[in-house]
>>> print(open('upload36.csv').read())   # CSV, C-alpha atoms
chain,number,residue,atom,x,y,z
X,3,MET,CA,-23.4,18.1,-60.4
X,4,HIS,CA,-23.3,15.4,-63.2
X,5,THR,CA,-25.6,17.5,-65.4
X,6,ALA,CA,-23.3,20.6,-64.9
X,7,TYR,CA,-20.2,18.5,-65.6
X,8,ASP,CA,-21.9,17.0,-68.7
X,9,MET,CA,-22.8,20.5,-69.9
X,10,LEU,CA,-19.3,22.0,-69.2
X,11,THR,CA,-17.4,19.1,-70.9
X,12,GLY,CA,-20.0,18.6,-73.6
X,13,PRO,CA,-21.9,21.4,-75.3
X,14,CYS,CA,-20.0,24.2,-73.6
X,15,ALA,CA,-16.6,22.7,-74.5
X,16,TRP,CA,-17.7,22.3,-78.1
X,17,THR,CA,-19.1,25.8,-78.3
X,18,ALA,CA,-15.8,27.1,-76.9
X,19,PHE,CA,-13.7,25.2,-79.4
X,20,ILE,CA,-15.9,26.2,-82.3
X,21,LEU,CA,-15.9,29.9,-81.3
X,22,PHE,CA,-12.2,29.8,-80.7
X,23,PHE,CA,-11.1,28.2,-84.0
X,24,GLY,CA,-13.9,29.9,-86.0
X,25,GLY,CA,-13.3,33.2,-84.3
X,26,CYS,CA,-9.5,33.1,-85.0
X,27,LEU,CA,-10.2,32.3,-88.6
X,28,TYR,CA,-12.8,35.1,-88.8
X,29,ARG,CA,-10.3,37.6,-87.3
X,30,LEU,CA,-7.6,36.6,-89.8
X,31,ILE,CA,-9.9,36.8,-92.8
X,32,LYS,CA,-11.3,40.2,-91.5
X,33,MET,CA,-7.8,41.5,-91.1
X,34,LEU,CA,-6.8,40.6,-94.6
X,35,TRP,CA,-10.0,41.9,-96.0
X,36,LEU,CA,-9.6,45.3,-94.2
X,37,VAL,CA,-6.1,45.7,-95.6
X,38,TRP,CA,-7.3,44.8,-99.0
X,39,LYS,CA,-10.2,47.2,-98.8
X,40,LYS,CA,-8.4,50.2,-97.2
X,41,GLU,CA,-4.7,50.0,-97.6
X,42,ARG,CA,-4.0,47.6,-100.4
X,43,PHE,CA,-0.5,49.0,-101.1
X,44,ILE,CA,0.6,47.3,-97.8
X,45,PHE,CA,0.7,44.0,-99.6
X,46,SER,CA,3.2,45.4,-102.1
X,47,TYR,CA,5.8,46.1,-99.5
X,48,MET,CA,5.4,43.0,-97.3
X,49,SER,CA,8.7,41.1,-97.3
X,50,LEU,CA,9.2,37.6,-95.9
X,51,ARG,CA,12.9,38.3,-95.2
X,52,TYR,CA,12.3,41.5,-93.2
X,53,SER,CA,9.1,40.0,-91.6
X,54,LEU,CA,11.1,37.1,-90.2
X,55,ARG,CA,14.1,39.3,-89.3
X,56,SER,CA,11.8,41.4,-87.1
X,57,LEU,CA,9.9,38.4,-85.7
X,58,VAL,CA,13.1,36.7,-84.6
X,59,HIS,CA,14.4,39.8,-82.9
X,60,TRP,CA,11.2,40.3,-81.0
X,61,MET,CA,10.8,36.6,-80.1
X,62,VAL,CA,14.2,36.2,-78.5
X,63,PRO,CA,14.5,37.7,-75.0
X,64,PHE,CA,16.7,40.8,-74.8
X,65,MET,CA,17.4,40.8,-78.5
X,66,ALA,CA,15.3,44.0,-79.0
X,67,VAL,CA,16.3,47.3,-77.4
X,68,ASN,CA,13.0,47.6,-75.7
X,69,TRP,CA,13.5,44.2,-74.1
X,70,ARG,CA,16.8,45.3,-72.8
X,71,ARG,CA,15.4,48.5,-71.3
X,72,GLN,CA,13.0,46.7,-69.0
X,73,PRO,CA,14.6,43.4,-68.0
X,74,VAL,CA,12.1,42.5,-65.3
X,75,LEU,CA,9.1,43.0,-67.6
X,76,THR,CA,10.9,41.1,-70.4
X,77,ILE,CA,11.5,38.0,-68.2
X,78,ALA,CA,7.9,38.2,-66.8
X,79,THR,CA,6.5,38.5,-70.4
X,80,PHE,CA,8.5,35.7,-71.8
X,81,ALA,CA,8.0,33.3,-68.9
X,82,PHE,CA,4.3,34.2,-68.7
X,83,HIS,CA,3.5,33.6,-72.4
X,84,LEU,CA,5.6,30.4,-72.7
X,85,CYS,CA,4.0,28.8,-69.6
X,86,LEU,CA,0.6,30.1,-70.5
X,87,ILE,CA,0.6,28.3,-73.9
X,88,LEU,CA,2.6,25.2,-73.0
X,89,THR,CA,1.0,24.2,-69.7
X,90,PRO,CA,-2.6,23.6,-70.9
X,91,LEU,CA,-1.4,21.8,-74.0
X,92,PHE,CA,0.8,19.4,-72.2
X,93,VAL,CA,-0.5,19.0,-68.6
X,94,SER,CA,-1.2,15.3,-67.9
X,95,ALA,CA,-4.8,15.8,-66.7
X,96,HIS,CA,-5.8,17.5,-70.0
X,97,ILE,CA,-4.2,14.8,-72.1
X,98,ILE,CA,-5.9,12.1,-70.1
X,99,LEU,CA,-9.3,13.8,-70.7
X,100,TRP,CA,-8.6,14.1,-74.4
X,101,GLU,CA,-7.6,10.5,-74.6
X,102,GLU,CA,-10.9,9.5,-72.8
X,103,ALA,CA,-12.9,11.5,-75.3
X,104,TRP,CA,-11.0,11.0,-78.6
X,105,GLN,CA,-8.5,8.1,-78.0
X,106,PHE,CA,-5.9,10.7,-78.9
X,107,SER,CA,-2.8,11.4,-76.8
X,108,TRP,CA,0.6,13.0,-76.9
X,109,TRP,CA,3.6,13.8,-74.8
X,110,MET,CA,2.8,15.1,-71.2
X,111,LEU,CA,4.8,17.2,-68.8
X,112,PRO,CA,5.8,15.8,-65.4
X,113,ASP,CA,3.2,17.0,-62.9
X,114,GLY,CA,5.8,18.9,-60.8
X,115,LEU,CA,7.0,20.9,-63.7
X,116,ALA,CA,3.5,21.7,-64.9
X,117,ASP,CA,2.7,22.8,-61.3
X,118,ALA,CA,5.7,25.1,-61.4
X,119,MET,CA,4.8,26.5,-64.8
X,120,THR,CA,1.3,27.2,-63.5
X,121,MET,CA,2.8,29.1,-60.6
X,122,VAL,CA,4.9,31.1,-63.0
X,123,VAL,CA,1.8,32.2,-64.9
X,124,ILE,CA,0.1,33.2,-61.6
X,125,VAL,CA,3.1,35.1,-60.3
X,126,CYS,CA,3.6,36.9,-63.6
X,127,ALA,CA,-0.2,37.7,-63.7
X,128,GLY,CA,0.3,39.2,-60.2
X,129,TYR,CA,3.2,41.2,-61.5
X,130,PHE,CA,1.2,42.6,-64.4
X,131,PHE,CA,-1.6,43.4,-62.0
X,132,ILE,CA,0.7,45.3,-59.6
X,133,ARG,CA,2.4,47.0,-62.5
X,134,ARG,CA,-0.9,48.4,-63.8
X,135,LEU,CA,-1.5,49.8,-60.3
X,136,VAL,CA,1.9,51.3,-59.6
X,137,SER,CA,3.5,52.3,-62.8
X,138,PRO,CA,2.2,55.7,-63.8
X,139,GLU,CA,2.7,55.3,-67.6
X,140,VAL,CA,0.9,51.9,-67.5
X,141,ARG,CA,-1.9,53.1,-65.2
X,142,TYR,CA,-2.6,56.0,-67.5
X,143,VAL,CA,-3.5,53.6,-70.4
X,144,THR,CA,-5.3,51.1,-68.2
X,145,GLY,CA,-9.1,50.8,-68.5
X,146,PRO,CA,-11.7,48.4,-67.1
X,147,SER,CA,-11.2,46.0,-70.0
X,148,ASP,CA,-7.5,45.5,-69.0
X,149,TRP,CA,-8.6,44.2,-65.6
X,150,ILE,CA,-11.2,42.0,-67.1
X,151,ILE,CA,-8.8,40.5,-69.7
X,152,LEU,CA,-6.1,39.9,-67.0
X,153,SER,CA,-8.7,38.1,-64.8
X,154,ILE,CA,-10.0,36.0,-67.7
X,155,VAL,CA,-6.4,34.7,-68.3
X,156,ALA,CA,-5.5,34.3,-64.7
X,157,ALA,CA,-8.7,32.5,-63.6
X,158,PRO,CA,-8.1,29.1,-65.3
X,159,PHE,CA,-4.6,29.0,-63.9
X,160,ILE,CA,-5.5,29.9,-60.3
X,161,SER,CA,-8.5,27.5,-60.2
X,162,GLY,CA,-6.4,24.8,-61.9
X,163,PHE,CA,-3.7,25.2,-59.3
X,164,LEU,CA,-6.2,25.0,-56.5
X,165,ALA,CA,-7.9,22.0,-58.1
X,166,TYR,CA,-4.6,20.1,-58.7
X,167,HIS,CA,-3.6,20.5,-55.0
X,168,GLN,CA,-7.2,19.8,-53.9
X,169,TRP,CA,-7.2,22.8,-51.6
X,170,PHE,CA,-10.4,24.5,-50.4
X,171,ALA,CA,-13.6,23.6,-52.3
X,172,TYR,CA,-12.3,21.0,-54.7
X,173,ARG,CA,-15.5,20.5,-56.8
X,174,PHE,CA,-16.2,24.1,-57.1
X,175,PHE,CA,-12.7,25.0,-58.3
X,176,THR,CA,-12.5,22.1,-60.7
X,177,MET,CA,-15.8,23.1,-62.3
X,178,PHE,CA,-14.8,26.7,-62.3
X,179,HIS,CA,-11.5,25.8,-63.9
X,180,ILE,CA,-13.3,24.1,-66.8
X,181,PHE,CA,-15.7,27.0,-67.2
X,182,SER,CA,-13.0,29.7,-67.0
X,183,GLY,CA,-10.8,27.9,-69.5
X,184,GLU,CA,-13.7,27.9,-71.9
X,185,VAL,CA,-14.3,31.6,-71.3
X,186,MET,CA,-10.6,32.3,-72.0
X,187,LEU,CA,-10.8,30.3,-75.3
X,188,VAL,CA,-13.8,32.3,-76.5
X,189,ALA,CA,-12.3,35.6,-75.4
X,190,ILE,CA,-9.1,35.1,-77.4
X,191,PRO,CA,-10.5,36.0,-80.9
X,192,PHE,CA,-13.0,38.6,-79.7
X,193,THR,CA,-11.0,40.7,-77.2
X,194,ARG,CA,-7.5,42.2,-77.2
X,195,LEU,CA,-6.3,38.7,-76.4
X,196,SER,CA,-6.5,38.4,-80.2
X,197,HIS,CA,-2.9,39.6,-80.2
X,198,MET,CA,-2.2,35.9,-80.0
X,199,ILE,CA,-3.2,35.6,-83.6
X,200,ILE,CA,-2.8,39.2,-84.9
X,201,SER,CA,0.6,40.2,-83.4
X,202,PRO,CA,2.8,38.1,-85.7
X,203,PHE,CA,1.2,40.0,-88.7
X,204,THR,CA,1.6,43.4,-87.0
X,205,ARG,CA,5.2,42.5,-86.4
X,206,ALA,CA,5.7,41.3,-90.0
X,207,TYR,CA,4.2,44.6,-91.3
X,208,MET,CA,6.5,46.7,-89.0
X,209,GLY,CA,9.5,44.6,-90.0
X,210,SER,CA,8.7,44.9,-93.7
X,211,GLU,CA,8.1,48.7,-93.6
X,212,PHE,CA,11.2,49.4,-91.5
X,213,GLY,CA,13.4,47.0,-93.4
X,214,LYS,CA,12.3,47.4,-97.0
X,215,ILE,CA,11.1,51.0,-97.2
X,216,ARG,CA,12.9,52.9,-94.4
X,217,HIS,CA,16.0,50.7,-94.4
X,218,ALA,CA,16.0,50.8,-90.6
X,219,ARG,CA,15.7,48.4,-87.8
X,220,ASP,CA,12.5,48.0,-85.8
X,221,TRP,CA,13.9,46.4,-82.7
Z,13,MET,CA,6.9,-27.2,-25.1
Z,14,LYS,CA,6.0,-28.9,-28.3
Z,15,LYS,CA,2.3,-28.0,-27.6
Z,16,SER,CA,3.1,-24.3,-27.2
Z,17,ILE,CA,5.1,-24.3,-30.4
Z,18,GLY,CA,2.2,-26.0,-32.1
Z,19,SER,CA,-0.3,-23.4,-30.8
Z,20,ILE,CA,2.0,-20.5,-31.9
Z,21,LEU,CA,2.1,-22.0,-35.4
Z,22,ILE,CA,-1.7,-22.4,-35.5
Z,23,LEU,CA,-2.1,-18.8,-34.3
Z,24,CYS,CA,0.3,-17.6,-37.0
Z,25,THR,CA,-1.6,-19.5,-39.7
Z,26,ILE,CA,-4.9,-18.0,-38.5
Z,27,PHE,CA,-3.4,-14.5,-38.5
Z,28,LEU,CA,-2.0,-15.0,-42.0
Z,29,PHE,CA,-5.3,-16.2,-43.3
Z,30,GLY,CA,-7.0,-13.3,-41.6
Z,31,TRP,CA,-4.6,-10.8,-43.1
Z,32,VAL,CA,-5.0,-12.3,-46.6
Z,33,SER,CA,-8.8,-12.1,-46.3
Z,34,VAL,CA,-8.7,-8.5,-45.1
Z,35,HIS,CA,-6.8,-7.7,-48.3
Z,36,SER,CA,-9.3,-9.6,-50.5
Z,37,GLN,CA,-11.7,-7.9,-52.9
Z,38,GLU,CA,-14.6,-7.8,-50.4
Z,39,GLU,CA,-12.5,-5.6,-48.1
Z,40,MET,CA,-10.7,-3.6,-50.7
Z,41,GLU,CA,-10.5,0.1,-50.0
Z,42,VAL,CA,-8.4,1.3,-52.9
Z,43,VAL,CA,-7.8,0.2,-56.5
Z,44,ASP,CA,-4.4,-1.6,-56.6
Z,45,ASN,CA,-2.1,0.6,-58.7
Z,46,SER,CA,1.1,-1.3,-58.0
Z,47,VAL,CA,1.1,-2.4,-61.7
Z,48,PHE,CA,2.0,1.2,-62.7
Z,49,ASP,CA,5.6,2.0,-62.7
Z,50,GLN,CA,5.4,5.5,-61.4
Z,51,PRO,CA,1.8,6.4,-60.8
Z,52,ARG,CA,1.1,10.1,-61.2
Z,53,ARG,CA,-1.9,10.0,-58.9
Z,54,THR,CA,-2.8,8.3,-55.6
Z,55,SER,CA,-4.8,5.0,-55.8
Z,56,SER,CA,-8.5,5.5,-56.4
Z,57,LEU,CA,-10.6,5.1,-53.3
Z,58,PHE,CA,-12.9,2.2,-53.9
Z,59,MET,CA,-14.8,0.1,-51.3
Z,60,HIS,CA,-15.9,-2.8,-53.4
Z,61,ASP,CA,-18.9,-4.0,-51.3
Z,62,ASP,CA,-20.0,-0.6,-50.2
Z,63,HIS,CA,-19.9,0.6,-53.8
Z,64,ASN,CA,-22.0,-2.3,-55.1
Z,65,GLU,CA,-24.5,-2.0,-52.3
Z,66,SER,CA,-25.1,1.7,-52.8
Z,67,ALA,CA,-25.0,1.4,-56.6
Z,68,GLY,CA,-27.4,-1.6,-56.5
Z,69,ILE,CA,-25.0,-3.8,-58.5
Z,70,GLU,CA,-25.6,-7.5,-58.0
Z,71,GLU,CA,-24.0,-9.0,-61.1
Z,72,CYS,CA,-20.2,-9.2,-61.3
Z,73,HIS,CA,-20.1,-8.8,-65.0
Z,74,VAL,CA,-21.5,-5.2,-64.8
Z,75,CYS,CA,-17.9,-4.2,-64.1
Z,76,HIS,CA,-15.9,-7.4,-64.7
Z,77,HIS,CA,-16.7,-7.5,-68.4
Z,78,VAL,CA,-15.4,-9.9,-71.1
Z,79,TYR,CA,-14.8,-8.7,-74.6
Z,80,GLU,CA,-14.1,-10.9,-77.6
Z,81,ASP,CA,-13.1,-9.5,-80.9
Z,82,GLY,CA,-14.3,-6.1,-79.8
Z,83,GLU,CA,-17.7,-7.4,-78.8
Z,84,LEU,CA,-19.0,-7.5,-75.3
Z,85,LEU,CA,-20.0,-11.0,-74.3
Z,86,GLU,CA,-23.3,-10.6,-72.4
Z,87,ASP,CA,-23.4,-12.2,-69.0
Z,88,GLU,CA,-19.8,-13.5,-69.2
Z,89,SER,CA,-17.9,-12.4,-66.2
Z,90,SER,CA,-14.2,-12.0,-65.5
Z,91,GLU,CA,-14.3,-11.4,-61.7
Z,92,ASP,CA,-11.6,-14.0,-61.1
Z,93,SER,CA,-9.0,-12.1,-62.9
Z,94,SER,CA,-7.5,-8.7,-62.2
Z,95,CYS,CA,-8.0,-5.9,-64.7
Z,96,SER,CA,-4.3,-5.9,-65.5
Z,97,GLU,CA,-4.5,-9.5,-66.7
Z,98,CYS,CA,-6.2,-8.3,-69.9
Z,99,HIS,CA,-5.5,-4.6,-70.0
Z,100,GLU,CA,-1.8,-3.9,-70.5
Z,101,ILE,CA,-0.3,-0.5,-69.5
Z,102,ASP,CA,-0.5,0.6,-73.2
Z,103,ALA,CA,-3.6,0.3,-75.4
Z,104,SER,CA,-3.5,-2.5,-77.9
Z,105,GLY,CA,-5.9,-2.4,-80.8
Z,106,ASP,CA,-9.4,-1.7,-79.6
Z,107,MET,CA,-8.5,-2.6,-76.0
Z,108,PRO,CA,-7.8,0.4,-73.9
Z,109,GLY,CA,-4.7,0.6,-71.7
Z,110,LEU,CA,-5.1,-0.1,-68.0
Z,111,MET,CA,-5.5,3.5,-66.8
Z,112,MET,CA,-8.0,4.3,-69.6
Z,113,ALA,CA,-9.8,1.0,-68.8
Z,114,TYR,CA,-10.4,2.1,-65.2
Z,115,HIS,CA,-11.4,5.6,-66.3
Z,116,LEU,CA,-13.8,4.5,-69.0
Z,117,ASN,CA,-15.3,1.7,-66.8
Z,118,CYS,CA,-15.7,3.8,-63.6
Z,119,LYS,CA,-16.2,7.3,-64.8
Z,120,GLY,CA,-18.1,6.2,-67.9
Z,121,CYS,CA,-20.7,4.4,-65.7
Z,122,HIS,CA,-20.8,7.3,-63.2
Z,123,LEU,CA,-21.6,9.7,-66.1
Z,124,LYS,CA,-24.2,7.4,-67.6
Z,125,GLU,CA,-25.9,6.8,-64.3
Z,126,LYS,CA,-25.4,10.4,-63.1
Z,127,LYS,CA,-24.1,9.1,-59.8
Z,128,GLY,CA,-20.6,8.8,-58.3
Z,129,PRO,CA,-17.4,10.6,-58.7
Z,130,VAL,CA,-16.3,12.1,-62.1
Z,131,LEU,CA,-13.7,14.7,-61.3
Z,132,CYS,CA,-10.0,13.6,-61.0
Z,133,GLY,CA,-9.6,14.4,-57.3
Z,134,GLU,CA,-12.9,12.8,-56.3
Z,135,CYS,CA,-11.2,9.3,-56.7
Z,136,HIS,CA,-7.6,10.3,-56.5
Z,137,HIS,CA,-7.5,12.0,-53.1
Z,138,LYS,CA,-4.3,13.9,-52.3
>>> encode(input="upload36.csv", output="structure tokens")
Amino acid sequence: MHTAYDMLTGPCAWTAFILFFGGCLYRLIKMLWLVWKKERFIFSYMSLRYSLRSLVHWMVPFMAVNWRRQPVLTIATFAFHLCLILTPLFVSAHIILWEEAWQFSWWMLPDGLADAMTMVVIVCAGYFFIRRLVSPEVRYVTGPSDWIILSIVAAPFISGFLAYHQWFAYRFFTMFHIFSGEVMLVAIPFTRLSHMIISPFTRAYMGSEFGKIRHARDW
Amino acid sequence: MKKSIGSILILCTIFLFGWVSVHSQEEMEVVDNSVFDQPRRTSSLFMHDDHNESAGIEECHVCHHVYEDGELLEDESSEDSSCSECHEIDASGDMPGLMMAYHLNCKGCHLKEKKGPVLCGECHHK
């Protein structure tokens, strides 16, 4: 038990952090290098103004036509991503562990709110799961990797929820929570979860091409 | 009449002493967290004597340490004072805040010795 905990919070955690940050940097450099090598002209029509215009329209709920067309999906997507990113960064248990390790701490969420945000992530993940099963156009483009990716993201939240409430096998779920969190970090740069770092650039490219070249809106 | 009042008083005194000694360190079952304004977790379960017996700790200073200018004073013990007498809620300089002091002292030793609870809920039972 102690050896496993030592491993998970020591070498495994460091490996996960290094692969996450290193992997993200690698993906960004690789993306820029590919554009440079294959379609260098793209740099010439990138525009900060049109990039930001597109990003803002897609980052505000219901501001883009596609967000308005599917209101339930829009609410689920925004709630899911917001809670997914904020909860692990500001949940008290994580901050206390960081303080133990690095004497470094910052603002923490009230536990009740963090618990509710965790439930939002789990409920939305359930919604995405069901949507992939029942919506024909989504089911058509769903492959095994989609199920794996959804599981990788949901696992740390489900296990964290069970661990916080100390339901069922407390030790198992806490250890699994740490492990699954590390798996998710590593998966971000090396799977389609990389949209976390790549999507702002895709959006900026679309915004620039539509705004500056086609003189049209892309939202 | 006077006699019976006297015996009631004596009984009360005995009860009071008994109650106080039940709540002394030897009989403690949880770490006192009343110093914290709004504790986020339940008090840590901690049976002082049972713990020391099973951990084979005989010297008080193993846990009740004394630091001076950031240096641990070997064999100096602080068992007569509560942790919160030195450790304030917030860290000051090199001295960790009260919660961190508990975590580092208890969990730190458990990790080093590879014995005892290390996960949040193993001490802070719901």
>>> axis_aligned_box(input="upload36.csv", around="region 75-79 of chain X", padding_each_side="4 Å", output="lines of an AutoDock Vina configuration file")
center_x = 9.0
center_y = 40.5
center_z = -68.6
size_x = 13.0
size_y = 13.0
size_z = 11.6
>>> closest_residue(input="upload36.csv", among="X:Ala157, X:Leu34, X:Ile200, X:Ile97", to="chain Z", atoms="all atoms listed in the file")
X:Ile97
>>> interface_residues(input="upload36.csv", of="chain X", to="chain Z", cutoff="7 Å", atoms="all atoms listed in the file", output="list in words")
His4, Glu102 and Gln168 of chain X
>>> atom_distance(input="upload36.csv", atom1="CA of Phe64 (chain X)", atom2="CA of Thr76 (chain X)")
7.3 Å
>>> atom_distance(input="upload36.csv", atom1="CA of Pro202 (chain X)", atom2="CA of Val62 (chain X)")
13.6 Å
>>> residues_around(input="upload36.csv", residues="His63 (chain Z)", least_positions_apart="5", cutoff="12 Å", atoms="all atoms listed in the file", output="PyMOL selection string")
chain Z and resi 37-42+57-58+68-70+75+118+122+127-129
>>> atom_distance(input="upload36.csv", atom1="CA of Arg51 (chain X)", atom2="CA of Ser210 (chain X)")
8.0 Å
>>> residues_around(input="upload36.csv", residues="Gly109 (chain Z)", least_positions_apart="5", cutoff="12 Å", atoms="all atoms listed in the file", output="number ranges by chain")
X: 98, 101-102, 105; Z: 47-48, 95-104, 114-117
>>> residues_around(input="upload36.csv", residues="Met177 (chain X)", least_positions_apart="4", cutoff="12 Å", atoms="only C-alpha atoms", output="PyMOL selection string")
(chain X and resi 3-11+157-158+161-162+164-165+171-173+181-184) or (chain Z and resi 130-133)
>>> decode(input="upload36.csv", residues="region 120-131 of chain Z", atoms="N, CA and C atoms", output="mmCIF file, in the first residue's frame")
data_model
loop_
_atom_site.group_PDB
_atom_site.id
_atom_site.type_symbol
_atom_site.label_atom_id
_atom_site.label_comp_id
_atom_site.auth_asym_id
_atom_site.auth_seq_id
_atom_site.Cartn_x
_atom_site.Cartn_y
_atom_site.Cartn_z
ATOM 1 N N GLY Z 120 3.945 12.308 7.174
ATOM 2 C CA GLY Z 120 5.373 12.241 6.845
ATOM 3 C C GLY Z 120 6.018 11.023 7.473
ATOM 4 N N CYS Z 121 5.708 10.786 8.770
ATOM 5 C CA CYS Z 121 6.277 9.641 9.474
ATOM 6 C C CYS Z 121 5.709 8.329 8.906
ATOM 7 N N HIS Z 122 4.413 8.321 8.626
ATOM 8 C CA HIS Z 122 3.792 7.102 8.084
ATOM 9 C C HIS Z 122 4.427 6.710 6.752
ATOM 10 N N LEU Z 123 4.731 7.718 5.939
ATOM 11 C CA LEU Z 123 5.361 7.430 4.640
ATOM 12 C C LEU Z 123 6.777 6.918 4.844
ATOM 13 N N LYS Z 124 7.481 7.555 5.784
ATOM 14 C CA LYS Z 124 8.867 7.166 6.040
ATOM 15 C C LYS Z 124 8.949 5.741 6.592
ATOM 16 N N GLU Z 125 8.047 5.441 7.505
ATOM 17 C CA GLU Z 125 8.064 4.126 8.157
ATOM 18 C C GLU Z 125 7.297 3.066 7.368
ATOM 19 N N LYS Z 126 6.609 3.525 6.309
ATOM 20 C CA LYS Z 126 5.740 2.637 5.522
ATOM 21 C C LYS Z 126 4.714 1.913 6.397
ATOM 22 N N LYS Z 127 4.169 2.633 7.348
ATOM 23 C CA LYS Z 127 3.129 2.112 8.241
ATOM 24 C C LYS Z 127 2.158 3.244 8.543
ATOM 25 N N GLY Z 128 0.895 2.869 8.708
ATOM 26 C CA GLY Z 128 -0.084 3.875 9.127
ATOM 27 C C GLY Z 128 -0.746 4.569 7.954
ATOM 28 N N PRO Z 129 -1.811 5.316 8.256
ATOM 29 C CA PRO Z 129 -2.621 5.923 7.193
ATOM 30 C C PRO Z 129 -1.901 7.043 6.438
ATOM 31 N N VAL Z 130 -2.137 7.113 5.125
ATOM 32 C CA VAL Z 130 -1.586 8.209 4.319
ATOM 33 C C VAL Z 130 -2.648 8.879 3.437
ATOM 34 N N LEU Z 131 -3.761 8.187 3.189
ATOM 35 C CA LEU Z 131 -4.815 8.772 2.341
ATOM 36 C C LEU Z 131 -5.744 9.625 3.215
#
